[in-house]
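Undergrad: Contents of final-v5.cif (mmCIF, C-alpha atoms) are given next:
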```
data_entry
loop_
_atom_site.label_atom_id
_atom_site.label_comp_id
_atom_site.auth_asym_id
_atom_site.auth_seq_id
_atom_site.Cartn_x
_atom_site.Cartn_y
_atom_site.Cartn_z
CA MET A 1 -25.13 1.13 52.01
CA ASN A 2 -25.13 4.20 49.75
CA HIS A 3 -28.82 4.89 49.06
CA ARG A 4 -28.29 7.14 46.07
CA HIS A 5 -29.07 5.13 42.95
CA LEU A 6 -26.70 5.21 40.01
CA LEU A 7 -27.04 7.96 37.43
CA PRO A 8 -27.30 7.00 33.72
CA ASN A 9 -23.73 8.08 33.00
CA GLU A 10 -22.52 5.98 35.96
CA ILE A 11 -24.26 2.95 34.51
CA ASP A 12 -22.48 3.67 31.21
CA LEU A 13 -19.14 3.77 33.02
CA LEU A 14 -19.74 0.31 34.45
CA VAL A 15 -21.02 -1.10 31.15
CA ASP A 16 -17.97 0.29 29.34
CA GLY A 17 -15.72 -1.44 31.87
CA GLU A 18 -14.09 1.80 32.96
CA ALA A 19 -11.51 1.47 35.71
CA GLY A 20 -11.04 5.11 36.65
CA PHE A 21 -11.31 6.85 39.99
CA GLY A 22 -14.68 6.37 41.64
CA VAL A 23 -15.72 3.26 39.73
CA ALA A 24 -14.95 1.06 42.75
CA THR A 25 -17.64 2.93 44.70
CA LEU A 26 -20.14 2.33 41.90
CA ARG A 27 -19.27 -1.37 41.87
CA ALA A 28 -19.73 -1.53 45.61
CA HIS A 29 -23.13 0.08 45.19
CA ILE A 30 -24.41 -2.43 42.64
CA ASP A 31 -23.25 -5.27 44.89
CA GLU A 32 -25.74 -4.02 47.43
CA CYS A 33 -28.51 -2.46 45.33
CA ALA A 34 -30.61 -4.95 43.36
CA GLU A 35 -32.40 -2.20 41.43
CA CYS A 36 -29.19 -0.66 40.06
CA ARG A 37 -27.69 -4.13 39.47
CA GLU A 38 -30.63 -4.99 37.25
CA LEU A 39 -30.21 -1.76 35.28
CA VAL A 40 -26.54 -2.49 34.70
CA GLU A 41 -27.31 -6.07 33.67
CA ASP A 42 -29.99 -4.88 31.23
CA ALA A 43 -27.51 -2.46 29.69
CA ARG A 44 -24.90 -5.21 29.46
CA VAL A 45 -27.32 -7.48 27.57
CA VAL A 46 -27.72 -4.80 24.91
CA VAL A 47 -23.98 -4.19 24.69
CA ASP A 48 -23.24 -7.93 24.48
CA ALA A 49 -25.81 -8.30 21.70
CA LEU A 50 -24.27 -5.38 19.82
CA GLU A 51 -20.77 -6.74 20.20
CA ALA A 52 -21.90 -10.13 18.89
CA LEU A 53 -23.20 -8.60 15.66
CA PRO A 54 -21.38 -10.02 12.64
CA HIS A 55 -19.73 -8.19 9.80
CA PHE A 56 -21.50 -8.63 6.48
CA ALA A 57 -19.56 -9.54 3.36
CA PRO A 58 -20.04 -7.42 0.25
CA ASP A 59 -20.03 -8.84 -3.26
CA SER A 60 -16.77 -10.66 -4.00
CA ARG A 61 -16.18 -8.44 -7.06
CA LEU A 62 -16.11 -5.24 -5.00
CA ALA A 63 -12.32 -4.84 -5.25
CA ASP A 64 -12.38 -5.25 -9.05
CA ARG A 65 -15.23 -2.75 -9.39
CA VAL A 66 -13.43 -0.23 -7.18
CA MET A 67 -10.09 -0.67 -8.94
CA ALA A 68 -11.78 -0.17 -12.33
CA GLN A 69 -12.59 3.37 -11.17
CA VAL A 70 -9.41 4.26 -9.30
CA PRO A 71 -6.63 5.77 -11.40
CA VAL A 72 -3.40 4.15 -10.19
CA PHE A 73 -0.49 6.48 -10.91
CA VAL A 74 3.08 5.20 -10.64
CA PRO A 75 5.45 8.13 -9.93
CA ALA A 76 8.53 8.36 -12.18
CA HIS A 77 11.02 7.64 -9.38
CA VAL A 78 9.11 4.49 -8.41
CA ALA A 79 8.95 3.32 -12.02
CA ALA A 80 12.71 3.89 -12.35
CA ARG A 81 13.38 2.02 -9.09
CA ASP A 82 11.17 -0.86 -10.22
CA SER A 83 12.88 -1.12 -13.58
CA VAL A 84 16.24 -1.41 -11.80
CA ALA A 85 14.83 -3.82 -9.23
CA GLN A 86 13.50 -6.20 -11.88
CA TRP A 87 17.06 -6.84 -13.07
CA LEU A 88 18.27 -7.68 -9.59
CA PRO A 89 18.15 -11.31 -8.48
CA ARG A 90 15.67 -12.16 -5.69
CA ALA A 91 17.67 -14.73 -3.71
CA ALA A 92 20.01 -13.29 -1.08
CA PRO A 93 23.16 -15.20 -2.22
CA ALA A 94 22.60 -14.17 -5.84
CA ARG A 95 22.11 -10.56 -4.72
CA ALA A 96 25.36 -10.72 -2.76
CA ALA A 97 27.17 -12.14 -5.82
CA ALA A 98 25.70 -9.41 -8.06
CA ALA A 99 26.76 -6.74 -5.56
CA ALA A 100 30.30 -8.20 -5.46
CA ILE A 101 30.54 -8.24 -9.28
CA PHE A 102 29.21 -4.68 -9.52
CA THR A 103 31.66 -3.46 -6.87
CA ALA A 104 34.57 -5.18 -8.63
CA ALA A 105 33.58 -3.67 -12.02
CA ALA A 106 33.20 -0.20 -10.47
CA GLY A 107 36.61 -0.61 -8.78
CA VAL A 108 38.34 -1.63 -12.03
CA LEU A 109 36.72 1.29 -13.89
CA THR A 110 37.76 3.76 -11.20
CA LEU A 111 41.35 2.47 -11.21
CA GLY A 112 41.43 2.73 -15.00
CA LEU A 113 40.24 6.35 -14.86
CA ILE A 114 42.82 7.19 -12.20
CA TRP A 115 45.56 5.60 -14.36
CA LEU A 116 44.40 7.60 -17.38
CA ALA A 117 44.38 10.83 -15.36
CA THR A 118 47.98 10.22 -14.28
CA GLN A 119 49.08 9.54 -17.90
CA GLY A 120 48.49 13.10 -19.20
CA ASP A 121 50.27 12.72 -22.58
CA ALA A 122 48.70 9.37 -23.30
CA ALA A 123 45.26 10.77 -22.42
CA VAL A 124 45.71 13.77 -24.78
CA PHE A 125 46.94 11.49 -27.58
CA MET A 126 44.06 9.03 -27.12
CA THR A 127 41.48 11.85 -26.97
CA GLY A 128 42.86 13.42 -30.17
CA LEU A 129 42.86 10.06 -31.92
CA LEU A 130 39.30 9.34 -30.89
CA GLY A 131 38.22 12.87 -31.92
CA ASP A 132 39.77 12.46 -35.41
CA ARG A 133 38.14 9.09 -35.86
CA LEU A 134 34.75 10.44 -34.76
CA ARG A 135 35.01 13.51 -37.00
CA GLY A 136 35.93 11.31 -39.97
CA VAL A 137 32.92 9.06 -39.35
CA VAL A 138 30.51 12.01 -39.00
CA VAL A 139 31.80 13.86 -42.07
CA GLY A 140 31.72 10.65 -44.14
CA ALA A 141 28.16 9.89 -43.07
CA ALA A 142 27.03 13.46 -43.79
CA ARG A 143 28.65 13.37 -47.22
CA ASP A 144 27.00 10.04 -48.05
CA LEU A 145 23.62 11.44 -46.97
CA ALA A 146 24.10 14.61 -49.04
CA VAL A 147 25.09 12.60 -52.13
CA SER A 148 22.08 10.32 -51.79
CA LEU A 149 19.73 13.32 -51.34
CA LEU A 150 21.19 15.87 -53.79
CA GLY A 151 23.39 13.87 -56.15
CA GLU A 152 27.13 14.12 -56.81
CA SER A 153 26.90 17.15 -59.15
CA ALA A 154 24.77 19.24 -56.77
CA LEU A 155 27.17 18.45 -53.95
CA ALA A 156 30.11 19.57 -56.11
CA ALA A 157 28.27 22.85 -56.88
CA LEU A 158 27.55 23.36 -53.19
CA GLN A 159 31.18 22.74 -52.32
CA ALA A 160 32.17 25.32 -54.97
CA THR A 161 30.06 28.01 -53.26
CA GLY A 162 31.96 27.36 -50.02
CA ALA A 163 30.76 28.22 -46.48
CA ILE A 164 28.25 30.85 -47.65
CA GLY A 165 26.40 28.35 -49.83
CA ILE A 166 26.26 25.73 -47.08
CA SER A 167 25.02 28.33 -44.55
CA LEU A 168 22.29 29.48 -46.98
CA LEU A 169 21.22 25.89 -47.57
CA LEU A 170 21.03 25.18 -43.80
CA ALA A 171 19.09 28.42 -43.17
CA GLY A 172 16.63 27.47 -45.91
CA PHE A 173 16.19 24.04 -44.37
CA VAL A 174 15.58 25.44 -40.87
CA LEU A 175 13.06 28.01 -42.15
CA THR A 176 11.19 25.35 -44.13
CA ALA A 177 11.07 23.06 -41.08
CA PHE A 178 9.75 25.83 -38.79
CA GLY A 179 7.21 26.88 -41.40
CA THR A 180 5.96 23.32 -41.76
CA VAL A 181 5.59 22.82 -37.97
CA ALA A 182 3.79 26.17 -37.55
CA GLY A 183 1.45 25.33 -40.42
CA ILE A 184 0.59 21.92 -38.96
CA ARG A 185 -0.09 23.45 -35.54
CA ARG A 186 -2.34 26.10 -37.03
CA LEU A 187 -4.26 23.47 -38.99
CA ALA A 188 -4.65 21.34 -35.84
CA ALA A 189 -5.88 24.34 -33.83
CA ALA A 190 -8.40 25.19 -36.55
CA GLY A 191 -9.56 21.56 -36.56
CA ARG A 192 -10.12 21.59 -32.78
CA GLN A 193 -12.17 24.81 -33.02
CA MET B 1 7.56 -7.06 -6.47
CA LEU B 2 5.23 -7.14 -3.48
CA ARG B 3 3.48 -10.30 -2.52
CA ALA B 4 0.08 -10.41 -0.80
CA LEU B 5 1.70 -12.19 2.12
CA ASP B 6 4.10 -9.29 2.69
CA LEU B 7 1.29 -6.73 2.54
CA ALA B 8 -0.93 -8.58 5.00
CA ASN B 9 1.69 -8.13 7.73
CA LEU B 10 2.19 -4.42 7.20
CA PRO B 11 0.46 -1.71 9.25
CA ASP B 12 -2.12 0.47 7.45
CA ALA B 13 0.23 3.46 7.16
CA ASP B 14 2.82 1.38 5.27
CA VAL B 15 0.20 -0.09 2.94
CA VAL B 16 -1.08 3.43 2.25
CA ALA B 17 2.49 4.55 1.45
CA LEU B 18 2.82 1.67 -1.02
CA ALA B 19 -0.55 2.53 -2.56
CA LEU B 20 0.71 6.09 -3.04
CA GLU B 21 3.61 4.59 -4.99
CA GLY B 22 1.04 3.23 -7.42
CA ARG B 23 1.02 -0.38 -6.16
CA ASP B 24 -2.20 -2.01 -7.30
CA ALA B 25 -1.75 -4.79 -4.72
CA ALA B 26 -1.60 -2.24 -1.89
CA HIS B 27 -4.90 -0.69 -3.01
CA ARG B 28 -6.46 -4.15 -3.04
CA GLU B 29 -5.04 -4.94 0.40
CA LEU B 30 -6.72 -1.84 1.85
CA ILE B 31 -10.02 -2.90 0.28
CA LYS B 32 -9.59 -6.44 1.59
CA ARG B 33 -8.90 -5.22 5.12
CA TYR B 34 -11.87 -2.91 5.38
CA GLU B 35 -14.52 -4.06 2.91
CA ARG B 36 -16.49 -5.97 5.55
CA PRO B 37 -16.45 -3.32 8.32
CA VAL B 38 -17.27 -0.54 5.85
CA PHE B 39 -19.97 -2.55 4.11
CA SER B 40 -21.50 -3.56 7.48
CA LEU B 41 -21.56 0.05 8.67
CA VAL B 42 -23.12 1.30 5.45
CA PHE B 43 -25.54 -1.65 5.22
CA ARG B 44 -26.81 -1.03 8.74
CA MET B 45 -27.19 2.65 7.90
CA VAL B 46 -29.15 2.29 4.66
CA ARG B 47 -30.74 -1.17 5.15
CA ASN B 48 -30.51 -2.15 1.51
CA ARG B 49 -27.86 -4.52 0.21
CA GLU B 50 -27.62 -3.26 -3.35
CA LEU B 51 -27.50 0.33 -2.22
CA ALA B 52 -24.94 -0.52 0.45
CA GLU B 53 -22.80 -2.22 -2.22
CA ASP B 54 -22.90 0.94 -4.34
CA LEU B 55 -22.18 3.26 -1.41
CA THR B 56 -19.33 1.03 -0.20
CA GLN B 57 -17.89 1.13 -3.70
CA ASP B 58 -18.24 4.94 -3.75
CA THR B 59 -16.50 5.12 -0.37
CA PHE B 60 -13.48 3.11 -1.52
CA VAL B 61 -13.26 4.97 -4.83
CA LYS B 62 -13.23 8.28 -2.95
CA VAL B 63 -10.68 7.10 -0.43
CA LEU B 64 -8.30 5.44 -2.88
CA SER B 65 -8.53 8.27 -5.41
CA HIS B 66 -7.59 10.82 -2.75
CA LEU B 67 -5.04 8.91 -0.73
CA ASP B 68 -2.66 11.85 -1.16
CA ARG B 69 -4.99 13.85 1.11
CA TYR B 70 -4.75 11.31 3.92
CA ARG B 71 -3.02 12.74 6.99
CA THR B 72 -0.86 10.16 8.71
CA ASP B 73 -1.54 11.63 12.17
CA PHE B 74 -5.08 10.26 11.77
CA LYS B 75 -5.81 6.52 11.86
CA PHE B 76 -6.48 5.30 8.32
CA SER B 77 -9.50 3.30 9.46
CA SER B 78 -10.96 6.39 11.18
CA TRP B 79 -10.56 8.40 7.97
CA LEU B 80 -12.16 5.59 6.00
CA PHE B 81 -15.11 5.28 8.42
CA LYS B 82 -15.54 9.05 8.37
CA ILE B 83 -15.93 8.99 4.58
CA ALA B 84 -18.17 5.89 4.68
CA ASN B 85 -20.40 7.54 7.27
CA ASN B 86 -20.55 10.78 5.28
CA VAL B 87 -21.45 8.88 2.11
CA ALA B 88 -24.25 7.02 3.93
CA ILE B 89 -25.55 10.11 5.76
CA ASP B 90 -25.49 12.15 2.54
CA HIS B 91 -27.53 9.45 0.86
CA LEU B 92 -30.03 9.29 3.72
CA ARG B 93 -30.40 13.05 3.65
CA ARG B 94 -31.03 12.98 -0.07
CA ARG B 95 -33.55 10.24 0.16
CA GLN B 96 -35.76 9.32 3.07
CA LEU B 97 -35.49 5.55 3.33
CA ASP B 98 -38.03 3.28 4.85
CA THR B 99 -36.73 0.64 7.23
CA VAL B 100 -36.09 -2.84 5.89
CA SER B 101 -36.98 -6.16 7.31
CA ILE B 102 -34.11 -8.46 8.16
CA ASP B 103 -35.76 -10.96 5.81
CA GLY B 104 -34.92 -8.92 2.75
CA SER B 105 -35.25 -5.58 1.06
CA PRO B 106 -38.72 -4.25 0.25
CA HIS B 107 -37.21 -2.97 -3.00
CA ALA B 108 -36.53 -6.55 -4.09
CA THR B 109 -38.79 -7.59 -6.96
CA THR B 110 -37.48 -11.12 -7.57
CA ALA B 111 -36.60 -14.09 -5.34
CA GLY B 112 -32.94 -13.55 -6.19
CA GLU B 113 -33.04 -9.96 -5.01
CA VAL B 114 -34.78 -10.99 -1.80
CA ASP B 115 -32.01 -13.55 -1.18
CA SER B 116 -29.28 -11.07 -1.94
CA SER B 117 -30.77 -8.48 0.42
CA ARG B 118 -31.41 -10.90 3.27
CA PHE B 119 -29.26 -10.69 6.38
CA ASP B 120 -27.20 -13.76 7.06
CA ILE B 121 -26.62 -13.88 10.79
CA SER B 122 -24.69 -16.67 12.39
CA ASP B 123 -22.78 -16.63 15.65
CA GLY B 124 -21.30 -20.12 15.39
CA SER B 125 -23.01 -21.46 18.53
CA GLU B 126 -22.86 -25.22 18.88
CA ASN B 127 -26.06 -25.53 20.82
CA ALA B 128 -29.06 -25.31 18.48
CA LEU B 129 -31.29 -23.66 21.07
CA GLU B 130 -28.64 -21.09 21.95
CA GLU B 131 -28.09 -20.47 18.27
CA MET B 132 -31.80 -19.95 17.73
CA GLU B 133 -32.01 -17.58 20.69
CA ALA B 134 -28.94 -15.72 19.51
CA LYS B 135 -30.44 -15.41 16.04
CA GLU B 136 -33.68 -14.15 17.52
CA LEU B 137 -31.81 -11.57 19.59
CA GLY B 138 -29.64 -10.75 16.57
CA SER B 139 -32.72 -10.19 14.43
CA ALA B 140 -34.37 -8.13 17.13
CA ILE B 141 -31.32 -5.98 17.63
CA GLU B 142 -30.88 -5.49 13.88
CA ARG B 143 -34.47 -4.30 13.74
CA ALA B 144 -33.93 -2.10 16.77
CA ILE B 145 -30.79 -0.57 15.24
CA SER B 146 -32.69 0.24 12.07
CA SER B 147 -35.19 2.26 14.11
CA LEU B 148 -32.46 4.49 15.61
CA ARG B 149 -31.69 7.94 14.27
CA PRO B 150 -28.82 7.68 11.72
CA GLU B 151 -26.39 9.61 13.92
CA TYR B 152 -27.11 7.28 16.87
CA ARG B 153 -26.71 4.33 14.54
CA SER B 154 -23.24 5.28 13.35
CA CYS B 155 -22.08 6.07 16.90
CA ILE B 156 -23.36 2.84 18.40
CA MET B 157 -21.91 0.72 15.58
CA LEU B 158 -18.52 2.36 15.71
CA ARG B 159 -18.51 1.87 19.49
CA HIS B 160 -19.73 -1.71 19.77
CA VAL B 161 -19.30 -3.37 16.37
CA GLU B 162 -15.98 -1.74 15.48
CA GLY B 163 -14.77 -1.35 19.07
CA ARG B 164 -13.75 2.32 18.75
CA SER B 165 -13.16 4.54 21.76
CA TYR B 166 -15.39 7.55 22.42
CA GLU B 167 -12.53 9.87 21.43
CA GLU B 168 -11.98 8.06 18.11
CA ILE B 169 -15.70 8.21 17.32
CA ALA B 170 -15.73 11.94 18.09
CA SER B 171 -12.84 12.60 15.71
CA THR B 172 -14.21 10.20 13.07
CA LEU B 173 -17.65 11.79 13.03
CA ASP B 174 -16.48 15.35 13.74
CA LEU B 175 -18.66 15.52 16.84
CA PRO B 176 -17.87 16.85 20.33
CA LEU B 177 -16.97 14.10 22.80
CA GLY B 178 -19.96 14.95 25.01
CA THR B 179 -22.32 14.60 22.04
CA VAL B 180 -20.91 11.16 21.22
CA LYS B 181 -21.41 10.02 24.81
CA THR B 182 -24.97 11.35 24.80
CA TYR B 183 -25.78 9.68 21.47
CA ILE B 184 -24.40 6.35 22.63
CA HIS B 185 -26.22 6.56 25.93
CA ARG B 186 -29.52 7.38 24.21
CA ALA B 187 -28.98 4.69 21.59
CA ARG B 188 -28.36 2.06 24.27
CA HIS B 189 -31.44 3.23 26.13
CA GLU B 190 -33.61 3.00 23.00
CA LEU B 191 -32.19 -0.41 22.14
CA ARG B 192 -32.81 -1.66 25.66
CA ARG B 193 -36.43 -0.59 25.44
CA ALA B 194 -36.80 -2.11 21.99
CA LEU B 195 -35.35 -5.42 23.18
CA GLU B 196 -37.38 -5.67 26.36
CA HIS B 197 -39.99 -7.92 24.74
CA THR B 198 -37.36 -10.44 23.59
CA ARG B 199 -36.17 -10.95 27.15
CA GLU B 200 -39.58 -11.47 28.73
#
```
What does the file become when written as structure tokens?

TA:
Amino acid sequence: MNHRHLLPNEIDLLVDGEAGFGVATLRAHIDECAECRELVEDARVVVDALEALPHFAPDSRLADRVMAQVPVFVPAHVAARDSVAQWLPRAAPARAAAAAIFTAAAGVLTLGLIWLATQGDAAVFMTGLLGDRLRGVVVGAARDLAVSLLGESALAALQATGAIGISLLLAGFVLTAFGTVAGIRRLAAAGRQ
Amino acid sequence: MLRALDLANLPDADVVALALEGRDAAHRELIKRYERPVFSLVFRMVRNRELAEDLTQDTFVKVLSHLDRYRTDFKFSSWLFKIANNVAIDHLRRRQLDTVSIDGSPHATTAGEVDSSRFDISDGSENALEEMEAKELGSAIERAISSLRPEYRSCIMLRHVEGRSYEEIASTLDLPLGTVKTYIHRARHELRRALEHTRE
């Protein structure tokens, strides 16, 4: 029998259930030494009591109270991903069908673009046609707006002055707009002070 | 969208990543997972239910508001316990608290407050005598824990109530490993002495 009694840290090793080198010797010692065995058992009682301690439950509204104080920020890329995801079907077969339709549409569009690229003359003609149409729509809309704002006679006078008159009118408009914005900002700054 | 069922099966690191994406449900899942351990740790530190509720709330607000500072090489629960312990220790340093009976807080002024601050200990034993003895030991050990120094208290609870290793406790509490071992040894020794009368 080893007559040296266990040191406090050796008792801790046994209580913690350590299995490292040298623990077998300690175990052999407590098998033979009643005094050390009692110390280990006493320590185990405390540890068992500690390990049997329950968790306490906080108030059931804790999560709501915490979340009322936590700013939850959704990053832009996540918001964009979510907005796409909400249009996607949830069920796997429906998702597969949607993917097939999307792939088919993308394929048709790509083939159409390739066909257009190979038809150089047709592409130039179509682009010119679309450009003319678009210009006509824009000019017509601008003219209608000018007539409703200035009247037919003022528009005729403006047209008579030519490009210089129109440029002067646009410059006057831009200056007025900038002046208005600057004035509002200055007023707001003065209000804050 | 994420369902609670999906979140419950995810490891902490993944739930934290979802919380960082602004998922409200992920924040709530983290609270749900750790509200009891954190509350128990703080409650046993400050011995007052209302105060423990407030400090637990402060802990979660701090943690969830600064999730971007969480380092993934650290266990989330260790980081959480570190903040909970700091919140409780800071409070104890600011205000010297008297120990509280397991039968309720001395700060309670009404019957309702006494009830709300009372410990509810149950170990689920079938045998009534065993249950009574367990309750008696539970009460005695709760009282004994409350008499420990706060730093011993947090070490012993992390070790035996939360089942943390010595190394984890050292990194959680920012203490040298040797100090943790010493604190736990001394805490066990003090508890053993305090419980001697219950075993006679």

Undergrad: Could you tell me how far CA of Pro11 (chain B) lies from CA of Asp68 (chain B), in Å and to one decimal?

TA: 17.4 Å

Undergrad: Can you turn the PyMOL selection byres ((chain B) within 6 of (chain A)) into a concrete residue list for this file, as a PyMOL selection string?

TA: chain B and resi 21-22+36+40+57+61+65+160-161

Undergrad: Pick from B:Thr179, B:Ser147, B:Ser165, B:Ser171: nearest to Ala194 (chain B), with only C-alpha atoms counted?

TA: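 Nearest candidate to Ala194 (chain B) out of B:Thr179, B:Ser147, B:Ser165, B:Ser171: B:Ser147.
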
Undergrad: Please report the interatomic distance between CA of Gln159 (chain A) and CA of Val147 (chain A) in Å with one decimal.

TA: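 Between these atoms lies a distance of 11.8 Å.
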
Undergrad: To one decimal in Å, tell me the separation between CA of Gly163 (chain B) and CA of Asp58 (chain B).

TA: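 Rounded to one decimal, the two atoms are 23.9 Å apart.
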
Undergrad: Give me, as a PyMOL selection string, all polymer residues having an atom no more than 12 Å from His185 (chain B), counting all atoms listed in the file and skipping those fewer than 2 positions away in the same chain.

TA: (chain A and resi 7-13+15-16+43+46-47) or (chain B and resi 152-153+155-156+159+166+178-183+187-192)

Undergrad: Print the selection's residues with C-alpha atoms to a file, as a JSON list (two decimals), in the coordinates of the input.

TA:
```
[["chain", "number", "residue", "atom", "x", "y", "z"],
["A", 7, "LEU", "CA", -27.04, 7.96, 37.43],
["A", 8, "PRO", "CA", -27.30, 7.00, 33.72],
["A", 9, "ASN", "CA", -23.73, 8.08, 33.00],
["A", 10, "GLU", "CA", -22.52, 5.98, 35.96],
["A", 11, "ILE", "CA", -24.26, 2.95, 34.51],
["A", 12, "ASP", "CA", -22.48, 3.67, 31.21],
["A", 13, "LEU", "CA", -19.14, 3.77, 33.02],
["A", 15, "VAL", "CA", -21.02, -1.10, 31.15],
["A", 16, "ASP", "CA", -17.97, 0.29, 29.34],
["A", 43, "ALA", "CA", -27.51, -2.46, 29.69],
["A", 46, "VAL", "CA", -27.72, -4.80, 24.91],
["A", 47, "VAL", "CA", -23.98, -4.19, 24.69],
["B", 152, "TYR", "CA", -27.11, 7.28, 16.87],
["B", 153, "ARG", "CA", -26.71, 4.33, 14.54],
["B", 155, "CYS", "CA", -22.08, 6.07, 16.90],
["B", 156, "ILE", "CA", -23.36, 2.84, 18.40],
["B", 159, "ARG", "CA", -18.51, 1.87, 19.49],
["B", 166, "TYR", "CA", -15.39, 7.55, 22.42],
["B", 178, "GLY", "CA", -19.96, 14.95, 25.01],
["B", 179, "THR", "CA", -22.32, 14.60, 22.04],
["B", 180, "VAL", "CA", -20.91, 11.16, 21.22],
["B", 181, "LYS", "CA", -21.41, 10.02, 24.81],
["B", 182, "THR", "CA", -24.97, 11.35, 24.80],
["B", 183, "TYR", "CA", -25.78, 9.68, 21.47],
["B", 187, "ALA", "CA", -28.98, 4.69, 21.59],
["B", 188, "ARG", "CA", -28.36, 2.06, 24.27],
["B", 189, "HIS", "CA", -31.44, 3.23, 26.13],
["B", 190, "GLU", "CA", -33.61, 3.00, 23.00],
["B", 191, "LEU", "CA", -32.19, -0.41, 22.14],
["B", 192, "ARG", "CA", -32.81, -1.66, 25.66]]
```

Undergrad: With a distance cut-off of 9 Å and all atoms listed in the file, select the neighbouring residues of Lys75 (chain B), excluding the residue or stretch itself and same-chain residues fewer than 4 positions from it, and output the selection as JSON, numbers by chain.

TA: {"B": [12, 13, 71, 79, 80, 168]}

Undergrad: Taking into account all atoms listed in the file, which residue in the set A:Leu6, A:Ala154, A:Ala104, A:Ala188 is nearest to Ile166 (chain A)?

TA: A:Ala154
